[in-house]
file run_25.txt (compact mmCIF, C-alpha atoms and all ligand atoms)
# COMPACT_ATOMS: atom_id res chain seq x y z
CA MET A 1 122.96 146.59 77.27
CA GLY A 2 121.55 143.64 75.44
CA LEU A 3 119.04 142.41 78.04
CA GLN A 4 116.84 145.43 77.57
CA LYS A 5 113.81 145.58 75.27
CA LYS A 6 114.73 147.82 72.31
CA ILE A 7 113.21 151.29 72.31
CA LYS A 8 111.60 152.20 68.98
CA LEU A 9 113.13 155.37 67.59
CA ALA A 10 111.99 157.55 64.75
CA VAL A 11 114.64 160.00 63.54
CA LEU A 12 113.61 163.23 61.81
CA ALA A 13 116.30 164.99 59.82
CA SER A 14 116.47 167.67 57.14
CA GLY A 15 120.15 167.64 56.25
CA SER A 16 123.27 165.56 55.90
CA GLY A 17 122.38 163.21 58.75
CA SER A 18 125.71 162.74 60.50
CA ASN A 19 123.89 162.46 63.84
CA LEU A 20 121.55 159.89 62.31
CA GLN A 21 124.64 158.01 61.13
CA SER A 22 126.15 157.94 64.60
CA ILE A 23 122.90 156.45 65.96
CA ILE A 24 122.74 153.90 63.11
CA ASP A 25 126.37 152.91 63.75
CA GLN A 26 125.88 152.43 67.48
CA CYS A 27 122.69 150.42 66.90
CA GLN A 28 124.54 148.20 64.43
CA GLN A 29 127.44 147.73 66.85
CA GLY A 30 124.98 146.60 69.53
CA GLN A 31 125.82 149.57 71.74
CA LEU A 32 122.26 150.87 71.90
CA ASP A 33 119.13 149.09 73.07
CA ALA A 34 117.32 150.86 70.28
CA GLU A 35 115.90 150.22 66.85
CA ILE A 36 115.31 152.94 64.28
CA VAL A 37 111.86 152.09 62.93
CA LEU A 38 111.57 155.06 60.59
CA VAL A 39 113.48 158.04 59.26
CA ILE A 40 111.45 161.02 58.06
CA SER A 41 112.75 164.04 56.23
CA ASN A 42 110.86 167.11 55.09
CA ASN A 43 113.59 167.63 52.47
CA PRO A 44 113.65 165.29 49.46
CA ALA A 45 117.38 165.98 48.97
CA ALA A 46 118.41 165.19 52.56
CA GLY A 47 121.51 163.04 52.87
CA ALA A 48 119.82 161.50 55.89
CA LEU A 49 117.37 159.65 53.60
CA GLU A 50 120.27 158.10 51.67
CA ARG A 51 122.05 157.09 54.87
CA ALA A 52 118.89 155.39 56.16
CA LYS A 53 118.27 153.52 52.92
CA HIS A 54 121.90 152.41 52.83
CA ALA A 55 121.44 150.93 56.30
CA GLY A 56 118.20 149.19 55.28
CA ILE A 57 116.02 151.47 57.42
CA ASP A 58 112.58 152.61 56.22
CA ALA A 59 112.89 156.23 55.17
CA ILE A 60 110.29 158.59 53.76
CA CYS A 61 110.08 162.19 52.69
CA ILE A 62 107.09 164.22 53.82
CA ASN A 63 107.58 167.51 52.03
CA HIS A 64 106.26 170.37 54.17
CA ARG A 65 105.79 172.48 51.04
CA LYS A 66 102.92 170.24 50.01
CA PHE A 67 100.88 171.10 53.11
CA ALA A 68 98.73 174.18 53.64
CA SER A 69 99.71 174.61 57.31
CA ARG A 70 102.26 173.52 59.91
CA GLU A 71 99.49 171.61 61.72
CA GLU A 72 98.55 169.60 58.63
CA PHE A 73 102.17 168.72 58.02
CA ASP A 74 102.64 167.72 61.67
CA GLN A 75 99.46 165.64 61.55
CA ALA A 76 100.84 163.68 58.60
CA VAL A 77 104.17 163.16 60.39
CA VAL A 78 102.47 162.10 63.64
CA ALA A 79 100.27 159.59 61.77
CA LYS A 80 103.37 157.92 60.29
CA LEU A 81 105.17 157.92 63.63
CA GLN A 82 102.19 156.30 65.35
CA ASP A 83 101.79 153.72 62.54
CA VAL A 84 105.24 152.33 63.26
CA GLY A 85 104.89 152.35 67.06
CA THR A 86 107.41 155.13 67.75
CA GLU A 87 108.40 155.41 71.42
CA LEU A 88 110.99 158.19 71.16
CA VAL A 89 111.16 160.91 68.49
CA VAL A 90 114.73 162.00 67.78
CA LEU A 91 115.17 165.31 65.97
CA ALA A 92 118.56 165.33 64.28
CA GLY A 93 118.95 168.51 62.29
CA PHE A 94 115.20 168.70 61.63
CA MET A 95 114.65 172.26 60.45
CA ARG A 96 110.96 172.60 61.31
CA LEU A 97 109.25 173.96 64.40
CA ILE A 98 107.04 171.45 66.21
CA SER A 99 103.38 172.37 66.73
CA ALA A 100 101.15 171.56 69.71
CA ILE A 101 99.58 168.67 67.75
CA PHE A 102 102.97 166.98 67.53
CA LEU A 103 103.96 167.75 71.14
CA GLN A 104 100.69 166.36 72.51
CA ALA A 105 101.07 163.13 70.53
CA PHE A 106 104.47 162.42 72.15
CA PRO A 107 104.57 164.14 75.55
CA GLN A 108 108.15 164.32 76.88
CA ARG A 109 109.20 161.90 74.19
CA ILE A 110 110.67 164.28 71.60
CA ILE A 111 114.34 165.16 71.91
CA ASN A 112 116.59 167.49 69.95
CA ILE A 113 120.29 168.23 69.67
CA HIS A 114 121.50 171.80 69.35
CA PRO A 115 125.08 172.89 68.52
CA ALA A 116 125.51 175.39 71.36
CA LEU A 117 125.41 175.51 75.14
CA LEU A 118 121.78 176.44 75.70
CA PRO A 119 120.32 178.74 76.80
CA ALA A 120 123.11 180.67 75.03
CA PHE A 121 122.72 180.89 71.27
CA PRO A 122 119.38 179.29 70.39
CA GLY A 123 118.29 179.33 66.75
CA LEU A 124 120.41 179.16 63.61
CA HIS A 125 124.09 179.74 62.68
CA VAL A 126 125.01 179.43 66.31
CA GLN A 127 128.62 178.34 65.84
CA LEU A 128 129.36 181.62 64.04
CA LYS A 129 127.37 183.56 66.63
CA ALA A 130 129.41 182.05 69.47
CA ILE A 131 132.69 182.94 67.71
CA GLU A 132 131.58 186.48 66.91
CA TYR A 133 130.37 186.99 70.46
CA GLY A 134 133.86 186.10 71.69
CA ALA A 135 132.72 183.17 73.83
CA LYS A 136 135.55 180.99 75.19
CA PHE A 137 133.50 177.80 75.20
CA SER A 138 130.70 176.35 73.19
CA GLY A 139 129.37 172.85 72.83
CA CYS A 140 126.16 170.96 72.29
CA THR A 141 122.95 170.36 74.18
CA VAL A 142 120.46 167.49 74.09
CA HIS A 143 117.09 168.67 75.33
CA LEU A 144 113.44 167.76 75.44
CA VAL A 145 111.39 169.62 72.89
CA ASP A 146 108.72 172.03 74.06
CA GLY A 147 106.75 174.75 72.28
CA GLY A 148 109.69 177.20 72.05
CA VAL A 149 112.82 177.42 69.92
CA ASP A 150 115.50 175.35 71.70
CA THR A 151 113.92 176.08 75.10
CA GLY A 152 113.04 172.60 76.44
CA PRO A 153 114.52 171.01 79.58
CA ILE A 154 118.21 170.15 79.19
CA ILE A 155 119.22 166.48 79.41
CA ALA A 156 122.96 166.58 78.64
CA GLN A 157 125.63 168.99 77.43
CA ALA A 158 129.19 168.69 76.14
CA VAL A 159 131.61 171.60 76.27
CA VAL A 160 134.34 172.40 73.74
CA PRO A 161 136.83 175.28 73.71
CA ILE A 162 136.68 178.05 71.12
CA PHE A 163 140.09 179.00 69.71
CA ALA A 164 141.07 182.43 68.36
CA GLU A 165 141.69 180.94 64.92
CA ASP A 166 138.37 179.08 64.72
CA SER A 167 136.09 179.45 61.72
CA GLU A 168 132.44 178.47 61.69
CA SER A 169 133.37 175.15 60.10
CA THR A 170 136.23 174.23 62.46
CA LEU A 171 134.06 174.94 65.49
CA ALA A 172 131.08 173.10 63.96
CA ALA A 173 133.28 170.04 63.37
CA ARG A 174 134.60 170.11 66.96
CA ILE A 175 131.05 170.32 68.28
CA LEU A 176 129.72 167.61 65.94
CA GLU A 177 132.30 165.16 67.26
CA GLN A 178 130.72 165.56 70.69
CA GLU A 179 127.16 165.49 69.31
CA HIS A 180 127.89 162.05 67.92
CA LYS A 181 128.82 160.89 71.44
CA ILE A 182 126.16 162.46 73.62
CA TYR A 183 123.09 161.91 71.43
CA PRO A 184 123.39 158.09 71.32
CA GLN A 185 124.16 158.09 75.05
CA VAL A 186 120.98 160.03 75.85
CA ILE A 187 118.98 157.59 73.69
CA GLN A 188 120.45 154.71 75.68
CA TRP A 189 119.39 156.41 78.93
CA PHE A 190 115.84 156.60 77.56
CA ALA A 191 116.02 152.92 76.57
CA GLU A 192 117.08 152.10 80.12
CA GLU A 193 114.26 154.29 81.49
CA ARG A 194 116.75 156.28 83.52
CA VAL A 195 115.67 159.76 82.42
CA ILE A 196 113.82 161.43 85.29
CA ILE A 197 112.01 164.63 84.32
CA ASP A 198 110.92 167.02 87.05
CA GLY A 199 109.78 170.25 85.43
CA ARG A 200 112.87 171.85 83.89
CA LYS A 201 115.23 169.60 85.87
CA VAL A 202 116.27 166.35 84.25
CA GLN A 203 118.34 163.77 86.12
CA ILE A 204 119.79 160.49 84.94
CA HIS A 205 119.06 157.79 87.48
CA GLY A 206 122.31 156.53 88.97
CA HIS A 207 124.44 159.36 87.53
CA LYS A 208 126.05 162.22 89.42
CA ALA A 209 127.14 165.44 87.70
CA ILE A 210 130.85 165.82 86.93
CA ASP A 211 132.85 167.51 89.62
CA SER A 212 135.42 169.44 87.61
CA VAL A 213 135.90 172.93 86.25
CA LEU A 214 137.11 174.20 82.87
CA ILE A 215 138.81 177.58 82.62
CA ASN A 216 139.78 179.12 79.28
CA PRO A 217 142.42 180.53 78.98
CA PRO A 218 143.87 178.20 81.60
CA ILE A 219 145.17 179.71 84.83
CA ALA A 220 148.06 178.57 86.97
CA GLU A 221 147.17 176.47 90.00
CA ILE A 222 147.54 178.62 93.13
C1 LIG A 301 123.75 169.49 64.03
O1 LIG A 301 124.73 170.47 64.24
C2 LIG A 301 122.69 169.56 65.08
O2 LIG A 301 123.18 169.99 66.32
C3 LIG A 301 121.75 170.60 64.52
O3 LIG A 301 121.73 170.35 63.13
C4 LIG A 301 122.96 169.74 62.75
C5 LIG A 301 122.61 168.46 62.06
O4 LIG A 301 123.74 167.87 61.48
N1 LIG A 301 120.47 170.52 65.13
P1 LIG A 301 123.62 166.43 60.83
O5 LIG A 301 122.55 166.53 59.73
O6 LIG A 301 123.25 165.46 61.90
O7 LIG A 301 124.97 166.17 60.24
call {"tool": "encode", "arguments": {"input": "run_25.txt", "output": "structure tokens"}}
result
Amino acid sequence: MGLQKKIKLAVLASGSGSNLQSIIDQCQQGQLDAEIVLVISNNPAAGALERAKHAGIDAICINHRKFASREEFDQAVVAKLQDVGTELVVLAGFMRLISAIFLQAFPQRIINIHPALLPAFPGLHVQLKAIEYGAKFSGCTVHLVDGGVDTGPIIAQAVVPIFAEDSESTLAARILEQEHKIYPQVIQWFAEERVIIDGRKVQIHGHKAIDSVLINPPIAEI
């Protein structure tokens, strides 16, 4: 870190922006070779806009309701992203589907974070869905964005246990803690040009997968 040219990030967020905040914090602490050049929200009331302004980052609202179609909205977003020289588009709780226009403007350079272990539980309200399903683990996934809903190639995942007494909010908080760790790390890997994409398989140059197993409930060693 530090010797690298800074990768230019644009962060798109619709909500509170805690993932945006974790990226801002790590940039400010010099832990990321990245600079957030723009924050865009489709929601005028998004906390993410306030967080960006507080950190002195350019932040704009492009309200999707003011556009006749998804494509026109995406065209407006893409134009802004290109204006500021965006190199990596970071979706952080951005509650809009991405059209082909957007995907073609930033091929393999749009990433998303999802609060479940994909491909299990794509879509919305996934913490509650994992609890109601009776899953023993959940977690979060950083993936490349493609034309589907949470279907793009997986870059990194973190696993958390689900406890019998969990509510949607306790599980969401446990997962968010890990989101705030893995999303900045993935951005740093992009900054270091270590993300190798081969179809659906993504490797991080110089990294091996972990070699350990989690079992829940735990079992005695035999
Ligand atoms: C996170 O749970 C993220 O995984 C999902 O939307 C939520 C955004 O939270 N895509 P925040 O706005 O970053 O706090």
call {"tool": "atom_distance", "arguments": {"input": "run_25.txt", "atom1": "CA of Val149 (chain A)", "atom2": "CA of Gly123 (chain A)"}}
result
6.6 Å
call {"tool": "residues_near_ligand", "arguments": {"input": "run_25.txt", "ligand": "ligand LIG 301 (chain A)", "cutoff": "10 Å", "atoms": "all atoms listed in the file", "output": "count of residues only"}}
result
44
call {"tool": "residues_around", "arguments": {"input": "run_25.txt", "residues": "Leu81 (chain A)", "least_positions_apart": "4", "cutoff": "8 Å", "atoms": "all atoms listed in the file", "output": "list in words"}}
result
Ala10, Leu38, Val77, Gly85 and Thr86 of chain A
call {"tool": "atom_distance", "arguments": {"input": "run_25.txt", "atom1": "CA of Phe102 (chain A)", "atom2": "CA of Ile196 (chain A)"}}
result
21.5 Å
call {"tool": "residues_around", "arguments": {"input": "run_25.txt", "residues": "region 185-189 of chain A", "least_positions_apart": "3", "cutoff": "9 Å", "atoms": "all atoms listed in the file", "output": "JSON, numbers by chain"}}
result
{"A": [1, 7, 9, 23, 31, 32, 33, 34, 88, 90, 142, 155, 156, 180, 181, 182, 192, 193, 194, 195, 204, 205]}
call {"tool": "closest_residue", "arguments": {"input": "run_25.txt", "among": "A:Gln104, A:Gln26, A:Ser167, A:Asn42", "to": "Ile131 (chain A)", "atoms": "all atoms listed in the file"}}
result
A:Ser167
call {"tool": "closest_residue", "arguments": {"input": "run_25.txt", "among": "A:Ser41, A:Glu35, A:Cys27, A:Asp74", "to": "Cys61 (chain A)", "atoms": "only C-alpha atoms"}}
result
A:Ser41
call {"tool": "atom_distance", "arguments": {"input": "run_25.txt", "atom1": "CA of Glu168 (chain A)", "atom2": "CA of Leu128 (chain A)"}}
result
5.0 Å
call {"tool": "residues_near_point", "arguments": {"input": "run_25.txt", "point": "(124.9, 179.6, 76.2)", "cutoff": "9 Å", "atoms": "all atoms listed in the file", "output": "PyMOL selection string"}}
result
chain A and resi 116-122+130+135+137-139
call {"tool": "write_last_selection", "arguments": {"input": "run_25.txt", "atoms": "C-alpha atoms", "output": "short mmCIF file (atom, residue, chain, number, x, y, z; two decimals), in the coordinates of the input"}}
result
data_model
loop_
_atom_site.label_atom_id
_atom_site.label_comp_id
_atom_site.auth_asym_id
_atom_site.auth_seq_id
_atom_site.Cartn_x
_atom_site.Cartn_y
_atom_site.Cartn_z
CA ALA A 116 125.51 175.39 71.36
CA LEU A 117 125.41 175.51 75.14
CA LEU A 118 121.78 176.44 75.70
CA PRO A 119 120.32 178.74 76.80
CA ALA A 120 123.11 180.67 75.03
CA PHE A 121 122.72 180.89 71.27
CA PRO A 122 119.38 179.29 70.39
CA ALA A 130 129.41 182.05 69.47
CA ALA A 135 132.72 183.17 73.83
CA PHE A 137 133.50 177.80 75.20
CA SER A 138 130.70 176.35 73.19
CA GLY A 139 129.37 172.85 72.83
#
call {"tool": "residues_around", "arguments": {"input": "run_25.txt", "residues": "region 66-72 of chain A", "least_positions_apart": "6", "cutoff": "9 Å", "atoms": "only C-alpha atoms", "output": "MDAnalysis selection string"}}
result
chainID A and resid 96:102
call {"tool": "closest_residue", "arguments": {"input": "run_25.txt", "among": "A:Ala45, A:Val213, A:Leu144, A:Ile62", "to": "Ala79 (chain A)", "atoms": "all atoms listed in the file"}}
result
A:Ile62
call {"tool": "axis_aligned_box", "arguments": {"input": "run_25.txt", "around": "region 75-89 of chain A", "padding_each_side": "3 Å", "output": "AutoDock Vina command-line options"}}
result
--center_x 105.3 --center_y 159.0 --center_z 65.0 --size_x 17.7 --size_y 19.3 --size_z 18.8
call {"tool": "closest_residue", "arguments": {"input": "run_25.txt", "among": "A:Val202, A:Val78, A:Ile197, A:Val84", "to": "Ile36 (chain A)", "atoms": "all atoms listed in the file"}}
result
A:Val84
call {"tool": "decode", "arguments": {"input": "run_25.txt", "residues": "region 128-162 of chain A", "atoms": "N, CA, C and O atoms", "output": "PDB file, in the first residue's frame"}}
result
ATOM      1  N   LEU A 128     -33.607 -12.586   6.930  1.00  0.00           N
ATOM      2  CA  LEU A 128     -34.803 -13.255   7.455  1.00  0.00           C
ATOM      3  C   LEU A 128     -35.035 -14.584   6.735  1.00  0.00           C
ATOM      4  O   LEU A 128     -35.379 -15.598   7.363  1.00  0.00           O
ATOM      5  N   LYS A 129     -34.818 -14.587   5.431  1.00  0.00           N
ATOM      6  CA  LYS A 129     -35.029 -15.828   4.666  1.00  0.00           C
ATOM      7  C   LYS A 129     -34.085 -16.932   5.133  1.00  0.00           C
ATOM      8  O   LYS A 129     -34.478 -18.095   5.242  1.00  0.00           O
ATOM      9  N   ALA A 130     -32.839 -16.564   5.427  1.00  0.00           N
ATOM     10  CA  ALA A 130     -31.870 -17.576   5.886  1.00  0.00           C
ATOM     11  C   ALA A 130     -32.292 -18.133   7.250  1.00  0.00           C
ATOM     12  O   ALA A 130     -32.203 -19.340   7.495  1.00  0.00           O
ATOM     13  N   ILE A 131     -32.774 -17.252   8.136  1.00  0.00           N
ATOM     14  CA  ILE A 131     -33.230 -17.703   9.464  1.00  0.00           C
ATOM     15  C   ILE A 131     -34.436 -18.621   9.313  1.00  0.00           C
ATOM     16  O   ILE A 131     -34.493 -19.716   9.891  1.00  0.00           O
ATOM     17  N   GLU A 132     -35.400 -18.181   8.521  1.00  0.00           N
ATOM     18  CA  GLU A 132     -36.645 -18.964   8.385  1.00  0.00           C
ATOM     19  C   GLU A 132     -36.402 -20.303   7.694  1.00  0.00           C
ATOM     20  O   GLU A 132     -37.095 -21.274   7.942  1.00  0.00           O
ATOM     21  N   TYR A 133     -35.389 -20.328   6.846  1.00  0.00           N
ATOM     22  CA  TYR A 133     -35.057 -21.583   6.158  1.00  0.00           C
ATOM     23  C   TYR A 133     -34.436 -22.594   7.125  1.00  0.00           C
ATOM     24  O   TYR A 133     -34.457 -23.790   6.910  1.00  0.00           O
ATOM     25  N   GLY A 134     -33.861 -22.045   8.232  1.00  0.00           N
ATOM     26  CA  GLY A 134     -33.186 -22.912   9.197  1.00  0.00           C
ATOM     27  C   GLY A 134     -31.729 -23.138   8.869  1.00  0.00           C
ATOM     28  O   GLY A 134     -31.101 -24.095   9.357  1.00  0.00           O
ATOM     29  N   ALA A 135     -31.146 -22.259   8.030  1.00  0.00           N
ATOM     30  CA  ALA A 135     -29.722 -22.410   7.694  1.00  0.00           C
ATOM     31  C   ALA A 135     -28.869 -22.257   8.950  1.00  0.00           C
ATOM     32  O   ALA A 135     -29.239 -21.537   9.879  1.00  0.00           O
ATOM     33  N   LYS A 136     -27.735 -22.934   8.991  1.00  0.00           N
ATOM     34  CA  LYS A 136     -26.832 -22.865  10.146  1.00  0.00           C
ATOM     35  C   LYS A 136     -25.750 -21.811   9.960  1.00  0.00           C
ATOM     36  O   LYS A 136     -25.063 -21.439  10.907  1.00  0.00           O
ATOM     37  N   PHE A 137     -25.533 -21.421   8.731  1.00  0.00           N
ATOM     38  CA  PHE A 137     -24.563 -20.368   8.424  1.00  0.00           C
ATOM     39  C   PHE A 137     -25.193 -19.387   7.443  1.00  0.00           C
ATOM     40  O   PHE A 137     -26.017 -19.768   6.608  1.00  0.00           O
ATOM     41  N   SER A 138     -24.756 -18.150   7.538  1.00  0.00           N
ATOM     42  CA  SER A 138     -24.985 -17.220   6.442  1.00  0.00           C
ATOM     43  C   SER A 138     -23.709 -16.409   6.271  1.00  0.00           C
ATOM     44  O   SER A 138     -22.636 -16.871   6.687  1.00  0.00           O
ATOM     45  N   GLY A 139     -23.814 -15.231   5.705  1.00  0.00           N
ATOM     46  CA  GLY A 139     -22.593 -14.454   5.526  1.00  0.00           C
ATOM     47  C   GLY A 139     -22.795 -13.397   4.475  1.00  0.00           C
ATOM     48  O   GLY A 139     -23.913 -12.905   4.267  1.00  0.00           O
ATOM     49  N   CYS A 140     -21.723 -13.043   3.807  1.00  0.00           N
ATOM     50  CA  CYS A 140     -21.831 -12.027   2.760  1.00  0.00           C
ATOM     51  C   CYS A 140     -20.931 -12.402   1.593  1.00  0.00           C
ATOM     52  O   CYS A 140     -19.969 -13.168   1.755  1.00  0.00           O
ATOM     53  N   THR A 141     -21.296 -11.851   0.449  1.00  0.00           N
ATOM     54  CA  THR A 141     -20.624 -12.184  -0.809  1.00  0.00           C
ATOM     55  C   THR A 141     -20.310 -10.901  -1.567  1.00  0.00           C
ATOM     56  O   THR A 141     -21.203 -10.070  -1.752  1.00  0.00           O
ATOM     57  N   VAL A 142     -19.065 -10.756  -1.994  1.00  0.00           N
ATOM     58  CA  VAL A 142     -18.725  -9.688  -2.949  1.00  0.00           C
ATOM     59  C   VAL A 142     -18.608 -10.347  -4.315  1.00  0.00           C
ATOM     60  O   VAL A 142     -17.920 -11.365  -4.458  1.00  0.00           O
ATOM     61  N   HIS A 143     -19.322  -9.780  -5.284  1.00  0.00           N
ATOM     62  CA  HIS A 143     -19.325 -10.406  -6.615  1.00  0.00           C
ATOM     63  C   HIS A 143     -19.312  -9.350  -7.704  1.00  0.00           C
ATOM     64  O   HIS A 143     -19.694  -8.190  -7.483  1.00  0.00           O
ATOM     65  N   LEU A 144     -18.877  -9.784  -8.883  1.00  0.00           N
ATOM     66  CA  LEU A 144     -18.997  -8.941 -10.063  1.00  0.00           C
ATOM     67  C   LEU A 144     -20.468  -8.872 -10.445  1.00  0.00           C
ATOM     68  O   LEU A 144     -21.208  -9.837 -10.226  1.00  0.00           O
ATOM     69  N   VAL A 145     -20.857  -7.755 -11.004  1.00  0.00           N
ATOM     70  CA  VAL A 145     -22.255  -7.611 -11.400  1.00  0.00           C
ATOM     71  C   VAL A 145     -22.406  -8.027 -12.859  1.00  0.00           C
ATOM     72  O   VAL A 145     -21.604  -7.632 -13.717  1.00  0.00           O
ATOM     73  N   ASP A 146     -23.426  -8.877 -13.094  1.00  0.00           N
ATOM     74  CA  ASP A 146     -23.786  -9.222 -14.470  1.00  0.00           C
ATOM     75  C   ASP A 146     -25.255  -8.868 -14.658  1.00  0.00           C
ATOM     76  O   ASP A 146     -25.827  -8.127 -13.856  1.00  0.00           O
ATOM     77  N   GLY A 147     -25.880  -9.421 -15.704  1.00  0.00           N
ATOM     78  CA  GLY A 147     -27.249  -9.018 -16.020  1.00  0.00           C
ATOM     79  C   GLY A 147     -28.322  -9.594 -15.092  1.00  0.00           C
ATOM     80  O   GLY A 147     -29.472  -9.208 -15.191  1.00  0.00           O
ATOM     81  N   GLY A 148     -27.953 -10.512 -14.189  1.00  0.00           N
ATOM     82  CA  GLY A 148     -28.949 -11.140 -13.330  1.00  0.00           C
ATOM     83  C   GLY A 148     -29.032 -10.487 -11.959  1.00  0.00           C
ATOM     84  O   GLY A 148     -28.346  -9.513 -11.662  1.00  0.00           O
ATOM     85  N   VAL A 149     -29.890 -11.055 -11.104  1.00  0.00           N
ATOM     86  CA  VAL A 149     -30.017 -10.549  -9.735  1.00  0.00           C
ATOM     87  C   VAL A 149     -29.069 -11.351  -8.850  1.00  0.00           C
ATOM     88  O   VAL A 149     -29.324 -12.517  -8.568  1.00  0.00           O
ATOM     89  N   ASP A 150     -27.965 -10.735  -8.455  1.00  0.00           N
ATOM     90  CA  ASP A 150     -26.978 -11.344  -7.550  1.00  0.00           C
ATOM     91  C   ASP A 150     -26.375 -12.627  -8.128  1.00  0.00           C
ATOM     92  O   ASP A 150     -26.101 -13.588  -7.392  1.00  0.00           O
ATOM     93  N   THR A 151     -26.176 -12.657  -9.439  1.00  0.00           N
ATOM     94  CA  THR A 151     -25.709 -13.878 -10.102  1.00  0.00           C
ATOM     95  C   THR A 151     -24.256 -13.815 -10.588  1.00  0.00           C
ATOM     96  O   THR A 151     -23.744 -14.810 -11.101  1.00  0.00           O
ATOM     97  N   GLY A 152     -23.591 -12.668 -10.479  1.00  0.00           N
ATOM     98  CA  GLY A 152     -22.270 -12.523 -11.085  1.00  0.00           C
ATOM     99  C   GLY A 152     -21.192 -13.336 -10.379  1.00  0.00           C
ATOM    100  O   GLY A 152     -21.384 -13.824  -9.253  1.00  0.00           O
ATOM    101  N   PRO A 153     -20.039 -13.513 -11.042  1.00  0.00           N
ATOM    102  CA  PRO A 153     -18.935 -14.290 -10.470  1.00  0.00           C
ATOM    103  C   PRO A 153     -18.528 -13.807  -9.069  1.00  0.00           C
ATOM    104  O   PRO A 153     -18.411 -12.605  -8.821  1.00  0.00           O
ATOM    105  N   ILE A 154     -18.316 -14.785  -8.188  1.00  0.00           N
ATOM    106  CA  ILE A 154     -18.030 -14.486  -6.777  1.00  0.00           C
ATOM    107  C   ILE A 154     -16.542 -14.183  -6.588  1.00  0.00           C
ATOM    108  O   ILE A 154     -15.682 -14.930  -7.041  1.00  0.00           O
ATOM    109  N   ILE A 155     -16.268 -13.084  -5.885  1.00  0.00           N
ATOM    110  CA  ILE A 155     -14.880 -12.693  -5.616  1.00  0.00           C
ATOM    111  C   ILE A 155     -14.458 -13.111  -4.208  1.00  0.00           C
ATOM    112  O   ILE A 155     -13.372 -13.652  -4.006  1.00  0.00           O
ATOM    113  N   ALA A 156     -15.308 -12.860  -3.220  1.00  0.00           N
ATOM    114  CA  ALA A 156     -14.958 -13.204  -1.828  1.00  0.00           C
ATOM    115  C   ALA A 156     -16.232 -13.406  -1.021  1.00  0.00           C
ATOM    116  O   ALA A 156     -17.274 -12.808  -1.324  1.00  0.00           O
ATOM    117  N   GLN A 157     -16.129 -14.262  -0.008  1.00  0.00           N
ATOM    118  CA  GLN A 157     -17.253 -14.497   0.899  1.00  0.00           C
ATOM    119  C   GLN A 157     -16.762 -14.577   2.333  1.00  0.00           C
ATOM    120  O   GLN A 157     -15.640 -15.023   2.577  1.00  0.00           O
ATOM    121  N   ALA A 158     -17.604 -14.135   3.254  1.00  0.00           N
ATOM    122  CA  ALA A 158     -17.342 -14.333   4.689  1.00  0.00           C
ATOM    123  C   ALA A 158     -18.530 -15.085   5.268  1.00  0.00           C
ATOM    124  O   ALA A 158     -19.672 -14.832   4.886  1.00  0.00           O
ATOM    125  N   VAL A 159     -18.233 -15.998   6.177  1.00  0.00           N
ATOM    126  CA  VAL A 159     -19.264 -16.870   6.750  1.00  0.00           C
ATOM    127  C   VAL A 159     -19.489 -16.496   8.206  1.00  0.00           C
ATOM    128  O   VAL A 159     -18.525 -16.279   8.950  1.00  0.00           O
ATOM    129  N   VAL A 160     -20.759 -16.409   8.608  1.00  0.00           N
ATOM    130  CA  VAL A 160     -21.072 -16.220  10.036  1.00  0.00           C
ATOM    131  C   VAL A 160     -22.064 -17.294  10.453  1.00  0.00           C
ATOM    132  O   VAL A 160     -22.847 -17.779   9.627  1.00  0.00           O
ATOM    133  N   PRO A 161     -22.067 -17.656  11.744  1.00  0.00           N
ATOM    134  CA  PRO A 161     -23.059 -18.631  12.214  1.00  0.00           C
ATOM    135  C   PRO A 161     -24.430 -17.976  12.379  1.00  0.00           C
ATOM    136  O   PRO A 161     -24.530 -16.767  12.586  1.00  0.00           O
ATOM    137  N   ILE A 162     -25.463 -18.793  12.262  1.00  0.00           N
ATOM    138  CA  ILE A 162     -26.818 -18.350  12.630  1.00  0.00           C
ATOM    139  C   ILE A 162     -27.178 -19.052  13.928  1.00  0.00           C
ATOM    140  O   ILE A 162     -27.025 -20.273  14.049  1.00  0.00           O
TER     141      ILE A 162
END
